[in-house]
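Have a look at entry.pdb; it's PDB, C-alpha atoms, pLDDT in the B column:
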ATOM      1  CA  MET A   1      88.536 150.390  84.765  1.00 61.00           C
ATOM      2  CA  LYS A   2      87.084 147.451  82.844  1.00 63.00           C
ATOM      3  CA  LYS A   3      90.401 146.949  81.070  1.00 66.00           C
ATOM      4  CA  GLN A   4      92.260 146.799  84.374  1.00 66.00           C
ATOM      5  CA  PHE A   5      89.961 144.021  85.641  1.00 60.00           C
ATOM      6  CA  LEU A   6      90.416 142.185  82.350  1.00 60.00           C
ATOM      7  CA  TYR A   7      94.211 142.438  82.622  1.00 61.00           C
ATOM      8  CA  ILE A   8      94.179 141.332  86.249  1.00 65.00           C
ATOM      9  CA  PHE A   9      91.892 138.414  85.375  1.00 61.00           C
ATOM     10  CA  LEU A  10      94.132 137.348  82.475  1.00 56.00           C
ATOM     11  CA  PHE A  11      97.244 137.715  84.626  1.00 61.00           C
ATOM     12  CA  PHE A  12      95.866 135.379  87.314  1.00 59.00           C
ATOM     13  CA  ALA A  13      94.496 132.988  84.708  1.00 59.00           C
ATOM     14  CA  PHE A  14      97.940 132.560  83.153  1.00 59.00           C
ATOM     15  CA  ILE A  15      99.912 132.203  86.371  1.00 62.00           C
ATOM     16  CA  SER A  16      97.466 129.736  87.907  1.00 59.00           C
ATOM     17  CA  CYS A  17      97.766 127.285  85.011  1.00 56.00           C
ATOM     18  CA  THR A  18     100.659 124.905  85.593  1.00 57.00           C
ATOM     19  CA  ASP A  19     101.438 121.463  84.342  1.00 57.00           C
ATOM     20  CA  GLU A  20     102.901 119.319  87.060  1.00 58.00           C
ATOM     21  CA  VAL A  21     103.645 116.066  85.320  1.00 51.00           C
ATOM     22  CA  LYS A  22     105.416 113.383  87.284  1.00 56.00           C
ATOM     23  CA  PHE A  23     106.803 110.431  85.401  1.00 59.00           C
ATOM     24  CA  ASN A  24     107.098 107.085  87.093  1.00 66.00           C
ATOM     25  CA  ASN A  25     109.964 105.746  85.021  1.00 76.00           C
ATOM     26  CA  PRO A  26     111.227 103.259  86.158  1.00 86.00           C
ATOM     27  CA  SER A  27     108.564 101.795  88.419  1.00 93.00           C
ATOM     28  CA  PHE A  28     107.697  98.650  90.381  1.00 97.00           C
ATOM     29  CA  GLU A  29     104.171  98.605  91.798  1.00 97.00           C
ATOM     30  CA  GLY A  30     100.920  96.705  92.192  1.00 97.00           C
ATOM     31  CA  GLN A  31      98.058  96.003  94.560  1.00 97.00           C
ATOM     32  CA  LYS A  32      98.980  94.040  97.661  1.00 97.00           C
ATOM     33  CA  ASP A  33      95.811  92.616  99.212  1.00 96.00           C
ATOM     34  CA  ASN A  34      93.785  95.295  97.347  1.00 95.00           C
ATOM     35  CA  VAL A  35      95.945  98.184  98.637  1.00 96.00           C
ATOM     36  CA  PHE A  36      98.297 100.108  96.332  1.00 97.00           C
ATOM     37  CA  TRP A  37     101.947  99.134  96.862  1.00 97.00           C
ATOM     38  CA  ARG A  38     104.984 100.816  95.289  1.00 97.00           C
ATOM     39  CA  ALA A  39     108.649 100.022  95.713  1.00 97.00           C
ATOM     40  CA  VAL A  40     110.844 102.988  96.581  1.00 96.00           C
ATOM     41  CA  ASP A  41     113.943 101.228  95.255  1.00 96.00           C
ATOM     42  CA  TYR A  42     114.390  98.386  92.767  1.00 96.00           C
ATOM     43  CA  LYS A  43     117.006  96.449  90.876  1.00 95.00           C
ATOM     44  CA  ALA A  44     117.398  93.344  88.782  1.00 97.00           C
ATOM     45  CA  PHE A  45     120.179  90.784  88.451  1.00 95.00           C
ATOM     46  CA  ILE A  46     121.069  88.117  85.941  1.00 94.00           C
ATOM     47  CA  ALA A  47     122.593  85.033  87.573  1.00 92.00           C
ATOM     48  CA  ALA A  48     125.323  82.930  86.019  1.00 90.00           C
ATOM     49  CA  ASP A  49     122.704  80.364  84.929  1.00 91.00           C
ATOM     50  CA  GLY A  50     120.783  83.055  82.990  1.00 92.00           C
ATOM     51  CA  SER A  51     117.933  83.409  85.488  1.00 94.00           C
ATOM     52  CA  LEU A  52     116.558  86.865  86.243  1.00 96.00           C
ATOM     53  CA  SER A  53     115.737  88.221  89.710  1.00 96.00           C
ATOM     54  CA  ILE A  54     113.837  91.490  90.112  1.00 97.00           C
ATOM     55  CA  GLU A  55     113.717  93.035  93.577  1.00 97.00           C
ATOM     56  CA  GLY A  56     111.561  95.882  94.904  1.00 97.00           C
ATOM     57  CA  TYR A  57     112.096  97.491  98.295  1.00 97.00           C
ATOM     58  CA  THR A  58     110.143  99.641 100.705  1.00 96.00           C
ATOM     59  CA  ARG A  59     111.266 100.618 104.202  1.00 94.00           C
ATOM     60  CA  ASN A  60     110.563  97.179 105.667  1.00 95.00           C
ATOM     61  CA  GLU A  61     109.446  95.030 102.714  1.00 96.00           C
ATOM     62  CA  VAL A  62     111.219  93.151  99.926  1.00 97.00           C
ATOM     63  CA  LEU A  63     109.394  91.704  96.914  1.00 97.00           C
ATOM     64  CA  THR A  64     111.447  89.358  94.711  1.00 97.00           C
ATOM     65  CA  LEU A  65     110.328  87.985  91.346  1.00 98.00           C
ATOM     66  CA  LYS A  66     112.463  85.234  89.839  1.00 97.00           C
ATOM     67  CA  THR A  67     112.285  83.809  86.302  1.00 97.00           C
ATOM     68  CA  THR A  68     114.439  81.271  84.492  1.00 96.00           C
ATOM     69  CA  SER A  69     115.563  83.717  81.789  1.00 95.00           C
ATOM     70  CA  THR A  70     115.155  87.211  80.373  1.00 95.00           C
ATOM     71  CA  ALA A  71     113.083  85.965  77.423  1.00 95.00           C
ATOM     72  CA  ALA A  72     109.852  87.844  76.748  1.00 96.00           C
ATOM     73  CA  GLN A  73     107.268  85.246  77.783  1.00 97.00           C
ATOM     74  CA  THR A  74     104.911  84.184  80.584  1.00 97.00           C
ATOM     75  CA  TYR A  75     106.427  82.371  83.547  1.00 97.00           C
ATOM     76  CA  PRO A  76     103.822  80.440  85.604  1.00 97.00           C
ATOM     77  CA  LEU A  77     104.256  80.455  89.376  1.00 97.00           C
ATOM     78  CA  GLY A  78     103.554  77.534  91.690  1.00 94.00           C
ATOM     79  CA  THR A  79     105.034  75.019  89.250  1.00 94.00           C
ATOM     80  CA  SER A  80     108.726  75.060  90.243  1.00 94.00           C
ATOM     81  CA  ASP A  81     111.243  76.643  92.570  1.00 93.00           C
ATOM     82  CA  SER A  82     113.122  78.225  89.660  1.00 95.00           C
ATOM     83  CA  LYS A  83     110.166  80.545  88.903  1.00 97.00           C
ATOM     84  CA  LYS A  84     108.838  82.149  92.051  1.00 96.00           C
ATOM     85  CA  ALA A  85     107.664  85.254  93.868  1.00 98.00           C
ATOM     86  CA  THR A  86     108.734  85.985  97.446  1.00 97.00           C
ATOM     87  CA  TYR A  87     107.520  88.752  99.752  1.00 97.00           C
ATOM     88  CA  VAL A  88     109.291  89.423 103.070  1.00 97.00           C
ATOM     89  CA  LEU A  89     108.031  91.844 105.740  1.00 95.00           C
ATOM     90  CA  LYS A  90     110.366  92.721 108.623  1.00 93.00           C
ATOM     91  CA  ASP A  91     109.045  94.749 111.542  1.00 85.00           C
ATOM     92  CA  ALA A  92     109.300  94.953 115.327  1.00 82.00           C
ATOM     93  CA  ASN A  93     107.243  91.755 115.668  1.00 81.00           C
ATOM     94  CA  GLY A  94     109.592  89.683 113.504  1.00 87.00           C
ATOM     95  CA  THR A  95     109.774  88.492 109.919  1.00 93.00           C
ATOM     96  CA  ILE A  96     106.862  87.277 107.808  1.00 94.00           C
ATOM     97  CA  THR A  97     107.613  85.476 104.549  1.00 96.00           C
ATOM     98  CA  PHE A  98     105.188  84.667 101.753  1.00 97.00           C
ATOM     99  CA  SER A  99     106.325  82.667  98.754  1.00 97.00           C
ATOM    100  CA  THR A 100     105.338  80.631  95.756  1.00 97.00           C
ATOM    101  CA  GLY A 101     107.232  77.533  94.707  1.00 95.00           C
ATOM    102  CA  PHE A 102     106.731  73.959  93.610  1.00 95.00           C
ATOM    103  CA  GLY A 103     103.108  73.227  94.564  1.00 93.00           C
ATOM    104  CA  ILE A 104     102.940  76.433  96.631  1.00 95.00           C
ATOM    105  CA  GLY A 105     100.836  79.383  95.535  1.00 95.00           C
ATOM    106  CA  GLU A 106      99.945  80.400  92.010  1.00 97.00           C
ATOM    107  CA  GLY A 107     100.271  83.258  89.566  1.00 97.00           C
ATOM    108  CA  GLN A 108     102.463  84.475  86.757  1.00 98.00           C
ATOM    109  CA  ILE A 109     105.295  86.786  85.823  1.00 98.00           C
ATOM    110  CA  VAL A 110     105.208  88.159  82.277  1.00 98.00           C
ATOM    111  CA  ILE A 111     108.387  89.609  80.829  1.00 98.00           C
ATOM    112  CA  SER A 112     107.159  91.915  78.058  1.00 97.00           C
ATOM    113  CA  GLU A 113     110.505  93.479  77.179  1.00 96.00           C
ATOM    114  CA  TYR A 114     114.143  92.895  77.971  1.00 96.00           C
ATOM    115  CA  ASP A 115     116.249  95.706  76.518  1.00 95.00           C
ATOM    116  CA  SER A 116     119.766  94.282  76.238  1.00 92.00           C
ATOM    117  CA  VAL A 117     121.172  97.591  74.954  1.00 93.00           C
ATOM    118  CA  ASN A 118     119.906  99.806  77.803  1.00 93.00           C
ATOM    119  CA  LYS A 119     119.919  96.893  80.290  1.00 94.00           C
ATOM    120  CA  THR A 120     116.305  97.252  81.489  1.00 96.00           C
ATOM    121  CA  VAL A 121     113.388  94.867  81.960  1.00 97.00           C
ATOM    122  CA  SER A 122     109.625  95.504  81.868  1.00 97.00           C
ATOM    123  CA  GLY A 123     106.583  93.327  82.470  1.00 97.00           C
ATOM    124  CA  THR A 124     103.653  92.430  84.698  1.00 98.00           C
ATOM    125  CA  PHE A 125     102.941  90.060  87.570  1.00 98.00           C
ATOM    126  CA  LYS A 126     100.180  88.679  89.765  1.00 98.00           C
ATOM    127  CA  PHE A 127     100.266  85.943  92.361  1.00 98.00           C
ATOM    128  CA  ASN A 128      98.886  84.363  95.520  1.00 97.00           C
ATOM    129  CA  ALA A 129     101.758  83.463  97.851  1.00 97.00           C
ATOM    130  CA  GLU A 130     101.512  81.334 100.965  1.00 97.00           C
ATOM    131  CA  ASN A 131     102.696  82.170 104.473  1.00 95.00           C
ATOM    132  CA  ILE A 132     105.475  79.594 104.351  1.00 93.00           C
ATOM    133  CA  TYR A 133     106.332  79.590 108.067  1.00 90.00           C
ATOM    134  CA  ASN A 134     102.673  79.846 109.181  1.00 88.00           C
ATOM    135  CA  ASN A 135     103.427  83.035 111.086  1.00 85.00           C
ATOM    136  CA  PRO A 136     100.301  83.810 113.156  1.00 88.00           C
ATOM    137  CA  LEU A 137     100.855  87.584 112.740  1.00 85.00           C
ATOM    138  CA  ALA A 138      99.713  87.378 109.104  1.00 90.00           C
ATOM    139  CA  GLY A 139      97.075  85.599 107.098  1.00 91.00           C
ATOM    140  CA  PRO A 140      97.693  82.354 105.241  1.00 95.00           C
ATOM    141  CA  VAL A 141      97.808  83.937 101.745  1.00 96.00           C
ATOM    142  CA  LEU A 142      99.135  87.194 100.306  1.00 96.00           C
ATOM    143  CA  ASN A 143      97.595  88.439  97.055  1.00 97.00           C
ATOM    144  CA  PHE A 144      99.368  90.696  94.569  1.00 97.00           C
ATOM    145  CA  GLN A 145      97.451  91.807  91.489  1.00 97.00           C
ATOM    146  CA  TYR A 146      97.787  94.415  88.738  1.00 97.00           C
ATOM    147  CA  GLY A 147     101.529  94.377  89.326  1.00 97.00           C
ATOM    148  CA  HIS A 148     103.914  95.873  86.834  1.00 96.00           C
ATOM    149  CA  PHE A 149     107.566  96.726  86.603  1.00 97.00           C
ATOM    150  CA  TYR A 150     108.792  99.150  83.986  1.00 97.00           C
ATOM    151  CA  LYS A 151     112.353  99.715  82.817  1.00 96.00           C
ATOM    152  CA  ILE A 152     113.963  98.266  85.942  1.00 97.00           C
ATOM    153  CA  PRO A 153     117.762  98.516  85.552  1.00 96.00           C
ATOM    154  CA  VAL A 154     119.501  95.156  85.190  1.00 96.00           C
ATOM    155  CA  THR A 155     123.038  94.856  86.505  1.00 89.00           C
ATOM    156  CA  THR A 156     125.687  93.591  84.154  1.00 63.00           C
ATOM    157  CA  GLU A 157     127.539  91.679  86.813  1.00 60.00           C
ATOM    158  CA  PHE A 158     126.518  88.107  87.453  1.00 52.00           C
ATOM    159  CA  ILE A 159     125.447  86.812  90.848  1.00 49.00           C
ATOM    160  CA  ASN A 160     125.295  83.249  92.105  1.00 50.00           C
TER     161      ASN A 160
END
Now that the file is in, can you turn its structure into structure tokens?
Amino acid sequence: MKKQFLYIFLFFAFISCTDEVKFNNPSFEGQKDNVFWRAVDYKAFIAADGSLSIEGYTRNEVLTLKTTSTAAQTYPLGTSDSKKATYVLKDANGTITFSTGFGIGEGQIVISEYDSVNKTVSGTFKFNAENIYNNPLAGPVLNFQYGHFYKIPVTTEFIN
């Protein structure tokens, strides 16, 4: 009888142990105003001038990060319109746009790796973007922190 309990115990011990590992590869996520945010779809484009645009989408949001190249370096935000972060929220109440630009907002985009063979880009970002149309349905500043994008596919076709 003791052996039967031992066998039953071992049987349940082995079937109850599972490894459910979920990989987030590729990913585009961060904290938007201290709340976790993750894009459900993402893509990146290289423009004819060599600039890189990385876009992340949710059901009603679009986050766009733009740098002047694919070089692995830090791109400061708030210093020019060629390096910027833009967040657009569209809902039943209208459209709210937050952006950085020349003298608007602050932050940085860090490209840590551009894989030209596999056509992917990885890096981090953080920024404070301003409500550029002063929409009263949102606050004056949007904060993204602890943002990262990992192995986002880059299209080979050029956009303008």
#### Entry: Coordinates-based distance that separates CA of Ser27 (chain A) from CA of Tyr114 (chain A) (Å, one decimal)
14.8 Å
### Message
Since I can't run it myself right now, could you work out what the PyMOL selection byres ((chain A and resi 120-127) around 7) selects here and report it as a VMD selection string?
### Response
chain A and resid 106 to 116 118 to 119 128 to 129 143 to 154
Generate the output file for the selected residues, C-alpha atoms, as a compact mmCIF listing (two decimals), in the coordinates of the input.
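Generated file (out.txt):
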# COMPACT_ATOMS: atom_id res chain seq x y z
CA GLU A 106 99.94 80.40 92.01
CA GLY A 107 100.27 83.26 89.57
CA GLN A 108 102.46 84.48 86.76
CA ILE A 109 105.30 86.79 85.82
CA VAL A 110 105.21 88.16 82.28
CA ILE A 111 108.39 89.61 80.83
CA SER A 112 107.16 91.92 78.06
CA GLU A 113 110.50 93.48 77.18
CA TYR A 114 114.14 92.90 77.97
CA ASP A 115 116.25 95.71 76.52
CA SER A 116 119.77 94.28 76.24
CA ASN A 118 119.91 99.81 77.80
CA LYS A 119 119.92 96.89 80.29
CA ASN A 128 98.89 84.36 95.52
CA ALA A 129 101.76 83.46 97.85
CA ASN A 143 97.60 88.44 97.06
CA PHE A 144 99.37 90.70 94.57
CA GLN A 145 97.45 91.81 91.49
CA TYR A 146 97.79 94.42 88.74
CA GLY A 147 101.53 94.38 89.33
CA HIS A 148 103.91 95.87 86.83
CA PHE A 149 107.57 96.73 86.60
CA TYR A 150 108.79 99.15 83.99
CA LYS A 151 112.35 99.72 82.82
CA ILE A 152 113.96 98.27 85.94
CA PRO A 153 117.76 98.52 85.55
CA VAL A 154 119.50 95.16 85.19
### Message
For Asn135 (chain A), find every residue with an atom within 12 Å (counting all atoms listed in the file), except residues of its own chain fewer than 2 positions away, and show them as number ranges by chain.
### Response
A: 88-89, 93-98, 130-133, 137-141
### Task
Spell out the residues picked by the PyMOL selection byres ((chain A and resi 80) around 9) here, as a PyMOL selection string.
chain A and resi 76-79+81-84+100-104
Can I get the selection written as an mmCIF file, in the coordinates of the input, with C-alpha atoms?
data_model
loop_
_atom_site.group_PDB
_atom_site.id
_atom_site.type_symbol
_atom_site.label_atom_id
_atom_site.label_comp_id
_atom_site.auth_asym_id
_atom_site.auth_seq_id
_atom_site.Cartn_x
_atom_site.Cartn_y
_atom_site.Cartn_z
ATOM 1 C CA PRO A 76 103.822 80.440 85.604
ATOM 2 C CA LEU A 77 104.256 80.455 89.376
ATOM 3 C CA GLY A 78 103.554 77.534 91.690
ATOM 4 C CA THR A 79 105.034 75.019 89.250
ATOM 5 C CA ASP A 81 111.243 76.643 92.570
ATOM 6 C CA SER A 82 113.122 78.225 89.660
ATOM 7 C CA LYS A 83 110.166 80.545 88.903
ATOM 8 C CA LYS A 84 108.838 82.149 92.051
ATOM 9 C CA THR A 100 105.338 80.631 95.756
ATOM 10 C CA GLY A 101 107.232 77.533 94.707
ATOM 11 C CA PHE A 102 106.731 73.959 93.610
ATOM 12 C CA GLY A 103 103.108 73.227 94.564
ATOM 13 C CA ILE A 104 102.940 76.433 96.631
#
### Task
Calculate how many Å separate CA of Asn34 (chain A) from CA of Leu52 (chain A), rounding to one decimal.
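Distance reported for this atom pair: 26.7 Å.
The two atoms in question, CA of Ala71 (chain A) and CA of Phe36 (chain A), are spaced 27.9 Å apart.
Considering all atoms listed in the file, the residue among A:Ile46, A:Val117, A:Ala39, A:Ala92 positioned nearest to Ser69 (chain A) is A:Ile46.
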### Query
For Gly105 (chain A), which of A:Leu142, A:Asn25, A:Tyr75, A:Asn134 is the closest residue, counting all atoms listed in the file?
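Counting all atoms listed in the file, the residue closest to Gly105 (chain A) is A:Leu142.
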### Of the listed residues A:Gly56, A:Thr86, A:Asp41, A:Ala48, that which approaches Thr68 (chain A) most closely, counting all atoms listed in the file
A:Ala48
